[in-house]
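Just query_5.cif here, mmCIF, C-alpha atoms and all ligand atoms:
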```cif
data_protein
loop_
_atom_site.label_atom_id
_atom_site.label_comp_id
_atom_site.auth_asym_id
_atom_site.auth_seq_id
_atom_site.Cartn_x
_atom_site.Cartn_y
_atom_site.Cartn_z
CA MET A 16 -26.39 30.71 -5.45
CA VAL A 17 -27.09 28.11 -2.76
CA GLN A 18 -25.85 24.64 -3.75
CA THR A 19 -27.50 21.44 -2.61
CA LEU A 20 -25.52 18.27 -1.90
CA GLN A 21 -27.02 16.35 -4.78
CA LYS A 22 -26.48 19.08 -7.37
CA ALA A 23 -22.90 19.80 -6.30
CA VAL A 24 -21.98 16.10 -6.42
CA SER A 25 -23.67 15.51 -9.80
CA GLU A 26 -21.87 18.49 -11.37
CA ALA A 27 -18.55 17.42 -9.86
CA ALA A 28 -19.01 13.84 -11.09
CA LYS A 29 -19.52 15.13 -14.65
CA LEU A 30 -16.38 17.27 -14.41
CA LEU A 31 -14.29 14.38 -13.06
CA SER A 32 -15.62 12.00 -15.67
CA GLY A 33 -14.61 14.50 -18.39
CA ALA A 34 -11.10 14.58 -16.84
CA GLY A 35 -10.82 10.80 -17.32
CA VAL A 36 -11.34 9.80 -13.67
CA THR A 37 -12.79 6.29 -13.34
CA GLY A 38 -15.41 6.01 -10.59
CA ALA A 39 -16.05 9.76 -10.88
CA ARG A 40 -19.36 9.75 -8.98
CA ARG A 41 -17.97 7.62 -6.15
CA ASP A 42 -14.98 9.96 -5.80
CA ALA A 43 -17.17 13.09 -5.83
CA ALA A 44 -19.37 11.51 -3.14
CA LEU A 45 -16.36 10.54 -0.99
CA LEU A 46 -14.87 14.03 -1.22
CA MET A 47 -18.20 15.62 -0.29
CA ALA A 48 -18.67 13.26 2.66
CA ASN A 49 -15.15 14.11 3.84
CA ILE A 50 -15.88 17.84 3.79
CA LEU A 51 -19.11 17.30 5.72
CA GLU A 52 -17.22 14.99 8.15
CA SER A 53 -19.83 12.34 7.45
CA ASP A 54 -20.09 9.19 5.35
CA VAL A 55 -21.47 8.87 1.83
CA GLY A 56 -24.88 7.84 3.22
CA ILE A 57 -25.57 11.54 3.82
CA LEU A 58 -26.06 12.00 0.06
CA TYR A 59 -29.02 9.66 0.14
CA LEU A 60 -30.38 10.82 3.48
CA GLU A 61 -30.15 14.57 2.85
CA PRO A 62 -29.82 15.16 -0.94
CA ASP A 63 -31.43 18.60 -0.71
CA ARG A 64 -29.27 19.84 2.16
CA SER A 65 -27.77 23.28 1.39
CA LEU A 66 -24.02 23.70 1.51
CA THR A 67 -22.48 26.74 3.21
CA ASN A 68 -20.21 28.88 1.01
CA ALA A 69 -17.18 27.57 2.90
CA GLN A 70 -18.22 23.92 2.38
CA TYR A 71 -18.87 24.49 -1.32
CA SER A 72 -15.49 26.23 -1.82
CA SER A 73 -13.65 23.40 -0.02
CA PHE A 74 -15.49 20.85 -2.16
CA GLN A 75 -14.58 22.70 -5.35
CA ARG A 76 -10.92 22.84 -4.35
CA ALA A 77 -10.91 19.08 -3.67
CA ILE A 78 -12.60 18.38 -7.02
CA GLU A 79 -10.08 20.56 -8.87
CA ARG A 80 -7.24 18.49 -7.35
CA ARG A 81 -8.94 15.22 -8.31
CA ALA A 82 -9.57 16.53 -11.85
CA LEU A 83 -5.79 16.97 -12.14
CA ARG A 84 -5.69 13.21 -11.35
CA GLU A 85 -4.23 13.54 -7.85
CA PRO A 86 -5.12 10.25 -6.09
CA ILE A 87 -8.18 10.51 -3.88
CA SER A 88 -6.18 9.06 -0.96
CA HIS A 89 -3.76 12.03 -1.15
CA ILE A 90 -6.65 14.49 -1.03
CA LEU A 91 -8.31 12.66 1.86
CA GLY A 92 -4.91 12.00 3.51
CA HIS A 93 -5.64 8.38 4.36
CA ARG A 94 -6.47 4.98 2.86
CA GLU A 95 -8.05 1.80 4.20
CA PHE A 96 -6.02 -1.40 3.97
CA TRP A 97 -6.87 -4.72 5.66
CA SER A 98 -9.75 -2.81 7.35
CA LEU A 99 -7.24 -0.49 9.08
CA ASP A 100 -6.83 3.22 8.43
CA PHE A 101 -3.40 4.35 7.14
CA LEU A 102 -2.06 7.88 6.69
CA VAL A 103 -0.72 8.23 3.14
CA GLY A 104 0.68 10.99 0.94
CA PRO A 105 3.10 11.74 -1.88
CA ASP A 106 6.05 10.11 -0.03
CA VAL A 107 4.62 6.59 0.12
CA LEU A 108 3.06 4.08 -2.22
CA ASP A 109 -0.72 4.16 -1.93
CA PRO A 110 -1.58 0.76 -0.36
CA ARG A 111 -3.19 -1.49 -2.99
CA PRO A 112 -5.97 -4.02 -2.33
CA ASP A 113 -3.88 -6.61 -4.28
CA SER A 114 -1.27 -6.45 -1.51
CA GLU A 115 -3.75 -8.02 0.91
CA THR A 116 -2.79 -11.30 -0.85
CA LEU A 117 0.56 -11.10 0.98
CA ILE A 118 -1.20 -10.76 4.33
CA GLU A 119 -3.43 -13.76 3.52
CA THR A 120 -0.41 -15.83 2.42
CA VAL A 121 1.39 -15.18 5.70
CA LEU A 122 -1.68 -15.86 7.85
CA MET A 123 -2.31 -19.15 6.04
CA ALA A 124 1.29 -20.23 6.71
CA GLN A 125 0.87 -19.29 10.36
CA LYS A 126 -2.37 -21.28 10.56
CA SER A 127 -0.48 -24.27 9.13
CA GLY A 128 1.97 -24.10 12.02
CA GLN A 129 4.70 -21.65 10.89
CA GLU A 130 5.97 -19.84 13.98
CA ILE A 131 6.11 -16.05 13.52
CA THR A 132 7.41 -13.93 16.37
CA SER A 133 9.66 -11.54 14.42
CA ILE A 134 8.99 -9.87 11.06
CA LEU A 135 11.28 -7.90 8.75
CA ASP A 136 9.54 -5.73 6.11
CA LEU A 137 11.96 -4.61 3.37
CA GLY A 138 10.57 -1.42 1.76
CA VAL A 139 8.00 -0.68 4.47
CA GLY A 140 6.48 2.46 2.86
CA SER A 141 3.32 3.47 4.78
CA GLY A 142 3.73 0.38 6.97
CA CYS A 143 0.53 -1.17 5.64
CA LEU A 144 1.95 -4.72 5.34
CA LEU A 145 3.99 -4.87 8.55
CA LEU A 146 1.34 -3.16 10.71
CA SER A 147 -1.54 -5.23 9.32
CA LEU A 148 0.40 -8.40 10.15
CA LEU A 149 1.25 -7.15 13.64
CA SER A 150 -2.43 -6.37 14.21
CA GLU A 151 -3.20 -10.03 13.44
CA ILE A 152 -0.21 -11.77 15.08
CA GLU A 153 -0.40 -10.46 18.59
CA ASN A 154 2.87 -11.72 20.04
CA ALA A 155 5.05 -10.68 17.07
CA ARG A 156 7.46 -7.75 16.78
CA GLY A 157 8.47 -6.10 13.53
CA THR A 158 11.22 -4.09 11.86
CA GLY A 159 10.46 -1.93 8.84
CA VAL A 160 13.23 -0.72 6.54
CA ASP A 161 13.00 1.93 3.87
CA GLN A 162 15.50 3.99 1.90
CA SER A 163 13.10 6.93 2.14
CA GLN A 164 13.25 8.81 5.46
CA ALA A 165 9.95 10.51 4.58
CA ALA A 166 8.28 7.10 4.21
CA ILE A 167 9.71 6.00 7.57
CA GLU A 168 8.16 9.08 9.24
CA ILE A 169 4.74 8.11 7.88
CA ALA A 170 5.15 4.47 8.94
CA ILE A 171 6.05 5.64 12.48
CA GLN A 172 2.89 7.77 12.62
CA ASN A 173 0.79 4.84 11.39
CA ALA A 174 2.30 2.54 14.03
CA ARG A 175 1.36 5.10 16.70
CA ARG A 176 -2.15 5.61 15.37
CA LEU A 177 -2.73 1.84 15.40
CA GLY A 178 -1.27 1.44 18.89
CA LEU A 179 1.56 -0.78 17.57
CA GLU A 180 4.57 1.45 18.31
CA ASP A 181 5.76 -0.77 21.19
CA ARG A 182 6.16 -3.73 18.83
CA THR A 183 7.76 -1.92 15.89
CA LYS A 184 11.17 -0.57 14.98
CA PHE A 185 11.97 1.38 11.82
CA GLN A 186 15.30 1.72 10.10
CA HIS A 187 16.36 4.08 7.33
CA GLY A 188 18.63 2.31 4.84
CA ASN A 189 19.25 0.01 1.92
CA TRP A 190 17.43 -3.36 2.31
CA CYS A 191 19.30 -5.55 4.86
CA ASP A 192 22.33 -3.25 5.29
CA GLY A 193 23.12 -2.71 8.96
CA ILE A 194 20.53 -5.15 10.29
CA GLY A 195 22.07 -7.46 12.88
CA GLU A 196 19.06 -9.51 13.99
CA THR A 197 17.46 -12.58 12.41
CA PHE A 198 13.74 -13.01 11.74
CA ASP A 199 11.05 -15.72 11.43
CA LEU A 200 9.41 -13.92 8.52
CA VAL A 201 10.68 -11.55 5.81
CA ILE A 202 8.15 -9.73 3.64
CA SER A 203 8.69 -7.35 0.77
CA ASN A 204 6.67 -5.54 -1.84
CA PRO A 205 9.63 -3.95 -3.61
CA PRO A 206 9.49 -1.58 -6.59
CA TYR A 207 8.84 -3.89 -9.55
CA ILE A 208 7.72 -1.88 -12.56
CA PRO A 209 10.13 -2.02 -15.54
CA ALA A 210 11.48 1.51 -16.14
CA SER A 211 10.11 1.66 -19.70
CA ASP A 212 6.52 0.91 -18.49
CA ILE A 213 6.25 4.03 -16.32
CA GLU A 214 5.09 6.32 -19.14
CA GLY A 215 2.10 4.05 -19.83
CA LEU A 216 0.77 4.19 -16.24
CA GLN A 217 -2.25 6.20 -15.08
CA PRO A 218 -1.48 9.86 -14.14
CA GLU A 219 -2.49 9.06 -10.53
CA VAL A 220 0.51 6.72 -10.36
CA LYS A 221 3.19 8.20 -12.61
CA ASP A 222 2.63 11.84 -11.64
CA PHE A 223 1.87 11.49 -7.92
CA GLU A 224 3.50 8.37 -6.48
CA PRO A 225 7.24 8.29 -5.59
CA LEU A 226 9.14 6.80 -8.56
CA SER A 227 11.59 5.23 -6.10
CA ALA A 228 8.67 3.09 -4.86
CA LEU A 229 7.72 2.01 -8.38
CA ILE A 230 10.70 1.39 -10.67
CA GLY A 231 12.53 -1.92 -10.34
CA GLY A 232 15.22 -1.33 -12.99
CA GLU A 233 15.15 -2.21 -16.66
CA ASP A 234 13.25 -5.52 -16.32
CA GLY A 235 11.53 -4.74 -12.99
CA LEU A 236 13.46 -7.46 -11.13
CA ASP A 237 16.49 -5.55 -9.76
CA CYS A 238 15.15 -5.31 -6.19
CA TYR A 239 14.29 -9.03 -6.04
CA ARG A 240 17.87 -9.85 -7.11
CA ASP A 241 19.32 -7.50 -4.47
CA ILE A 242 17.11 -8.87 -1.68
CA VAL A 243 17.44 -12.57 -2.57
CA SER A 244 21.24 -12.26 -2.68
CA SER A 245 21.50 -10.57 0.74
CA VAL A 246 18.58 -11.71 2.92
CA LYS A 247 19.54 -15.26 4.01
CA PRO A 248 21.83 -14.23 6.91
CA ARG A 249 18.86 -12.26 8.31
CA MET A 250 16.55 -15.31 8.37
CA ASN A 251 16.24 -17.94 11.10
CA SER A 252 16.43 -21.56 9.97
CA ASN A 253 13.27 -22.65 8.16
CA SER A 254 11.89 -19.12 8.23
CA LEU A 255 9.52 -17.79 5.60
CA ILE A 256 10.01 -15.12 2.94
CA VAL A 257 7.03 -13.72 1.02
CA PHE A 258 7.39 -11.33 -1.91
CA GLU A 259 4.65 -9.45 -3.71
CA VAL A 260 5.36 -9.63 -7.46
CA GLY A 261 4.06 -7.79 -10.51
CA ALA A 262 1.75 -9.54 -12.99
CA GLY A 263 3.85 -12.00 -15.02
CA GLN A 264 6.89 -11.93 -12.69
CA ALA A 265 6.09 -14.96 -10.48
CA GLN A 266 8.08 -17.47 -12.56
CA GLN A 267 11.21 -15.30 -12.65
CA VAL A 268 11.09 -14.52 -8.93
CA SER A 269 10.51 -18.24 -8.16
CA ASP A 270 13.58 -19.09 -10.27
CA LEU A 271 15.65 -16.49 -8.42
CA LEU A 272 14.69 -18.02 -5.05
CA GLU A 273 15.25 -21.62 -6.20
CA ASN A 274 18.63 -20.79 -7.73
CA SER A 275 19.68 -19.20 -4.41
CA GLY A 276 18.89 -22.33 -2.41
CA PHE A 277 15.48 -21.43 -0.94
CA SER A 278 13.08 -24.38 -0.55
CA ASP A 279 9.34 -25.03 -1.07
CA VAL A 280 8.93 -22.09 -3.46
CA SER A 281 5.18 -21.47 -3.99
CA ARG A 282 3.05 -18.96 -5.86
CA HIS A 283 -0.18 -17.38 -4.60
CA LYS A 284 -2.96 -15.78 -6.65
CA ASP A 285 -4.92 -12.61 -5.88
CA LEU A 286 -8.71 -12.26 -6.25
CA ALA A 287 -8.28 -11.56 -9.98
CA GLU A 288 -6.48 -14.94 -10.32
CA ILE A 289 -3.16 -13.20 -11.00
CA GLU A 290 -0.06 -14.73 -9.38
CA ARG A 291 0.63 -11.95 -6.87
CA CYS A 292 2.96 -13.45 -4.26
CA VAL A 293 5.87 -15.89 -4.18
CA SER A 294 6.84 -17.55 -0.89
CA ALA A 295 9.77 -19.76 0.09
CA PHE A 296 11.66 -21.07 3.12
CA SER A 297 15.26 -20.34 4.06
C1 LIG A 301 6.29 -0.71 -3.78
S1 LIG A 301 6.69 0.25 -2.34
C2 LIG A 301 5.91 -0.76 -1.08
C3 LIG A 301 5.51 0.00 0.15
C4 LIG A 301 4.65 -0.81 1.14
N1 LIG A 301 5.38 -1.95 1.66
C5 LIG A 301 3.38 -1.28 0.46
O1 LIG A 301 3.26 -2.48 0.19
O2 LIG A 301 2.50 -0.45 0.19
C6 LIG A 301 8.40 -0.11 -2.20
C7 LIG A 301 9.13 0.59 -1.05
O3 LIG A 301 10.50 0.17 -1.10
C8 LIG A 301 11.33 1.27 -0.78
N2 LIG A 301 12.66 0.99 -1.35
C9 LIG A 301 13.05 1.07 -2.65
N3 LIG A 301 14.36 0.75 -2.76
C10 LIG A 301 14.78 0.45 -1.51
C11 LIG A 301 16.06 0.04 -0.97
N4 LIG A 301 17.12 -0.13 -1.76
N5 LIG A 301 16.15 -0.18 0.36
C12 LIG A 301 15.06 0.00 1.17
N6 LIG A 301 13.84 0.39 0.72
C13 LIG A 301 13.71 0.61 -0.60
C14 LIG A 301 10.61 2.46 -1.42
O4 LIG A 301 11.04 3.68 -0.84
C15 LIG A 301 9.15 2.11 -1.14
O5 LIG A 301 8.70 2.67 0.07
#
```
As structure tokens - that is how I would like this structure written.
Amino acid sequence: MVQTLQKAVSEAAKLLSGAGVTGARRDAALLMANILESDVGILYLEPDRSLTNAQYSSFQRAIERRALREPISHILGHREFWSLDFLVGPDVLDPRPDSETLIETVLMAQKSGQEITSILDLGVGSGCLLLSLLSEIENARGTGVDQSQAAIEIAIQNARRLGLEDRTKFQHGNWCDGIGETFDLVISNPPYIPASDIEGLQPEVKDFEPLSALIGGEDGLDCYRDIVSSVKPRMNSNSLIVFEVGAGQAQQVSDLLENSGFSDVSRHKDLAEIERCVSAFS
């Protein structure tokens, strides 16, 4: 039977909703638009358009994956962050809108006179933080470190796609190990979820995102301790460090920085008024 756009999307939205997907209709529309190589406006412009058998089968396959709670970004293969398009997949953390708070924090510091010509991103993942900053700070160069070689490969592809490969370097390894240079800015969104919280997360996260990008030890703070205790020799004098933190962790991460001799420790809220970043100076 010939399927129209509108009918296929409505049926898929019902199926996704029954599978517990929030925003089921939006996701069904996005997956349809992707198959038609169009944008979601096509659903309103041509609701009665007939799908070919091949288009309908591809749409059904995509909906089956989403019904198993695979993240929509994995099915589409990319995700928008800071208005840029990033390749993503099972080897990297899906960039989160909350992480744009870190970009805003850095750009505000730069606007207030902080010089930033070199950036070190510890736990670079897809490269969303480092590459977004490099797209804004035109004379800066950046180094991205990750313990996952698969993540590094994706970050390299994203740097190429965004035309930033000449200003980036990527290194496979453990935080600051083996890094000889010093930087004006260090950023990090390290794994920060306490190990015992993983079971309570949405299937999209716990079943499809790399656990090594999520778990920050028993209390979620292990990576902050490791980085704070080793990063100072990699920072120029009066250079800036900005961490993303999990909800409720800002006080503890501020204490860690203060107790290690960092100055002007400040906290920054995201759009939901949650303290999302902690910054300090070396
Ligand atoms: C929460 S993800 C953040 C990814 C990306 N920066 C973002 O904001 O979307 C944390 C990243 O840290 C990396 N990571 C975890 N432990 C690490 C370590 N000891 N050394 C280097 N990278 C590490 C993980 O592989 C992961 O890519």
Between A:Phe96, A:Phe185, A:Trp190, A:Tyr71, which has the minimum distance to ligand LIG 301 (chain A) (counting all atoms listed in the file)? A:Trp190
What's around segment 280-284 of chain A at 7 Å? Count all atoms listed in the file, leave out sequence neighbours fewer than 3 positions away in its own chain, and write the answer as a VMD selection string. chain A and resid 265 269 273 288 to 295
Once you count all atoms listed in the file, which residues end up within 9 Å of ligand LIG 301 (chain A), and could you hand them over as a PyMOL selection string? chain A and resi 106-111+114-115+136-145+159-167+187-192+202-208+225-231+238+241-242+259
Please provide as a ChimeraX atom specification all residues within 10 Å of Ser150 of chain A, with the sequence filter that same-chain residues fewer than 2 positions apart are discarded (counting all atoms listed in the file). /A:97,99,145-148,152-155,177-179
Between A:Gln264, A:Ser297, A:Gln21, A:Ser98, which one has atoms that come closest to Leu60 of chain A, using all atoms listed in the file?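 Checking each of A:Gln264, A:Ser297, A:Gln21, A:Ser98 against Leu60 of chain A, counting all atoms listed in the file, the winner is A:Gln21.
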A:Gly33, A:Gly92, A:Gly276, A:Gly195 ranked by distance to Pro105 of chain A, top pick (using all atoms listed in the file):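 Comparing A:Gly33, A:Gly92, A:Gly276, A:Gly195 against Pro105 of chain A, the winner is A:Gly92.
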Point-to-point distance in Å for atom CA of Ile87 of chain A and atom CA of Asp42 of chain A: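 Rounded to one decimal, the two atoms are 7.1 Å apart.
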